[in-house]
Amino acid sequence: MRDQYKAIIFDWDGTLVDTCGLILDAHNHVREAMGHKKWTSEEFTGQASKSAREYYPLMYKERVDEAMNILKQYVRDNHLKSLEPMEYAREALNAIQLPMAIVSNKTHEFLQVEIDHLGWRDYFQSAIGAGHAEKDKPHPAPLLMALGQMQDDLTPQDILYIGDTETDLMTAQNAGCDVALVQSDRPRPDLVAQYTPTFIWDDLRSINEALL
């Protein structure tokens with residue numbers, strides 16, 4: 001892998017940090033406030049291919065601004081309380097001797113705060129969150145923006161994108177880059193069959209093995 005790629009780009013939630021419970025809690029906080037039934041984790045998974053910026057207007061219609069404000073306030077109040085690196089994340093970041101970046105569907109403002117909270121700013125040449133590019137994942141715009149901020153001559157074919165959801169697989173497919181699927185919560189043979197990721201890893205330890 002060291003000779004195959006010029007840069008590595010990571011997803012954030014569920015890939016480098018464990019915040020999946022917070023995300024579901026945040027959206028359910030909004031749903032309660034807006035008079036909707038709470039999502040189960042399975043129901044929430046069905047929304048994971050879009051960012052809130054994309055599906056909130058469809059869900060809350062003329063109240064979308066109110067809903068987004070409630071969401072942002074909940075995340076602002078709670079997102080650092082349970083923020084923890086995924087297992088082997090620090091080891092993986094220390095092992096990679098290539099330029100790195102983050103492309104996430106977490107609101108750009110909160111992504112920056114979380115990177116600084118963990119003291120990880122020096123690892124990344126770029127960090128793009130939701131709302132910062134023209135469109136959010138799975139559109140390739142934020143990934144292409146990250147490439148431009150890292151190095152002028154980087155192309156999607158030069159990088160490996162590492163993520164844990166269908167959104168990440170779709171993003172890589174749309175951008176035309178290789179992708180590693182990290183199955184940290186459970187095996188996803190359905191996604192493997194549909195998207196044929198370049199690498200399939202159970203956790204981030206596999207990065208060290210791929211660098212050998």
# chains A, B, ... in the order shown; residues from 1 in each chain; ligands from 1

call {"tool": "select_by_dssp", "arguments": {"residues": "region 8-105 of chain A", "states": "helix (DSSP H, G or I)", "output": "PyMOL selection string"}}
result
chain A and resi 20-33+41-45+52-78+89-95

call {"tool": "residues_around", "arguments": {"residues": "Lys6 (chain A)", "least_positions_apart": "6", "cutoff": "8 Å", "atoms": "only C-alpha atoms", "output": "list in words"}}
result
Leu98, Pro99, Leu154, Asp158 and Ile159 of chain A

call {"tool": "write_last_selection", "arguments": {"atoms": "N, CA and C atoms", "output": "compact mmCIF listing (two decimals), in the first residue's frame"}}
result
# COMPACT_ATOMS: atom_id res chain seq x y z
N LEU A 98 2.27 8.69 4.87
CA LEU A 98 1.76 9.33 3.66
C LEU A 98 0.92 10.54 4.08
N PRO A 99 0.73 11.52 3.21
CA PRO A 99 -0.20 12.61 3.53
C PRO A 99 -1.60 12.06 3.82
N LEU A 154 -2.56 15.79 -7.07
CA LEU A 154 -3.20 14.54 -6.65
C LEU A 154 -4.47 14.31 -7.45
N ASP A 158 -4.82 8.36 -7.11
CA ASP A 158 -3.62 8.36 -6.26
C ASP A 158 -3.92 8.04 -4.81
N ILE A 159 -5.19 7.98 -4.43
CA ILE A 159 -5.50 7.91 -3.01
C ILE A 159 -6.34 6.68 -2.67

call {"tool": "residues_around", "arguments": {"residues": "Tyr123 (chain A)", "least_positions_apart": "3", "cutoff": "8 Å", "atoms": "only C-alpha atoms", "output": "mmCIF file with C-alpha atoms, in the first residue's frame"}}
result
data_model
loop_
_atom_site.group_PDB
_atom_site.id
_atom_site.type_symbol
_atom_site.label_atom_id
_atom_site.label_comp_id
_atom_site.auth_asym_id
_atom_site.auth_seq_id
_atom_site.Cartn_x
_atom_site.Cartn_y
_atom_site.Cartn_z
ATOM 1 C CA LEU A 93 -2.282 7.215 12.135
ATOM 2 C CA MET A 100 -3.591 12.177 5.212
ATOM 3 C CA ALA A 101 -6.949 13.960 5.234
ATOM 4 C CA TRP A 120 -4.791 15.118 15.973
#

call {"tool": "closest_residue", "arguments": {"among": "A:Gly119, A:Pro189, A:Gly163, A:Gly176", "to": "Asp203 (chain A)", "atoms": "only C-alpha atoms"}}
result
A:Gly163

call {"tool": "select_by_dssp", "arguments": {"residues": "region 42-123 of chain A", "states": "strand (DSSP E)", "output": "mmCIF file with N, CA and C atoms, in the first residue's frame"}}
result
data_model
loop_
_atom_site.group_PDB
_atom_site.id
_atom_site.type_symbol
_atom_site.label_atom_id
_atom_site.label_comp_id
_atom_site.auth_asym_id
_atom_site.auth_seq_id
_atom_site.Cartn_x
_atom_site.Cartn_y
_atom_site.Cartn_z
ATOM 1 N N GLU A 84 -14.323 9.218 21.628
ATOM 2 C CA GLU A 84 -13.217 8.296 21.853
ATOM 3 C C GLU A 84 -12.680 7.813 20.512
ATOM 4 N N PRO A 85 -11.356 7.660 20.395
ATOM 5 C CA PRO A 85 -10.809 7.071 19.173
ATOM 6 C C PRO A 85 -11.278 5.634 19.017
ATOM 7 N N MET A 100 -2.272 12.651 4.807
ATOM 8 C CA MET A 100 -3.591 12.177 5.212
ATOM 9 C C MET A 100 -4.587 13.327 5.289
ATOM 10 N N ALA A 101 -5.870 12.984 5.127
ATOM 11 C CA ALA A 101 -6.949 13.960 5.234
ATOM 12 C C ALA A 101 -8.189 13.252 5.760
ATOM 13 N N ILE A 102 -9.198 14.053 6.079
ATOM 14 C CA ILE A 102 -10.503 13.536 6.526
ATOM 15 C C ILE A 102 -11.582 14.120 5.631
ATOM 16 N N VAL A 103 -12.526 13.273 5.228
ATOM 17 C CA VAL A 103 -13.737 13.731 4.544
ATOM 18 C C VAL A 103 -14.917 13.089 5.267
ATOM 19 N N SER A 104 -15.739 13.912 5.873
ATOM 20 C CA SER A 104 -16.796 13.429 6.768
ATOM 21 C C SER A 104 -18.115 14.124 6.472
ATOM 22 N N ASN A 105 -19.207 13.463 6.855
ATOM 23 C CA ASN A 105 -20.518 14.111 6.815
ATOM 24 C C ASN A 105 -20.898 14.719 8.158
ATOM 25 N N LYS A 106 -19.952 14.779 9.084
ATOM 26 C CA LYS A 106 -20.181 15.548 10.312
ATOM 27 C C LYS A 106 -20.069 17.029 9.970
ATOM 28 N N THR A 107 -20.904 17.855 10.569
ATOM 29 C CA THR A 107 -20.850 19.296 10.331
ATOM 30 C C THR A 107 -19.408 19.799 10.453
#

call {"tool": "closest_residue", "arguments": {"among": "A:Glu66, A:Tyr195, A:Arg188, A:Pro142", "to": "Ile9 (chain A)", "atoms": "only C-alpha atoms"}}
result
A:Pro142
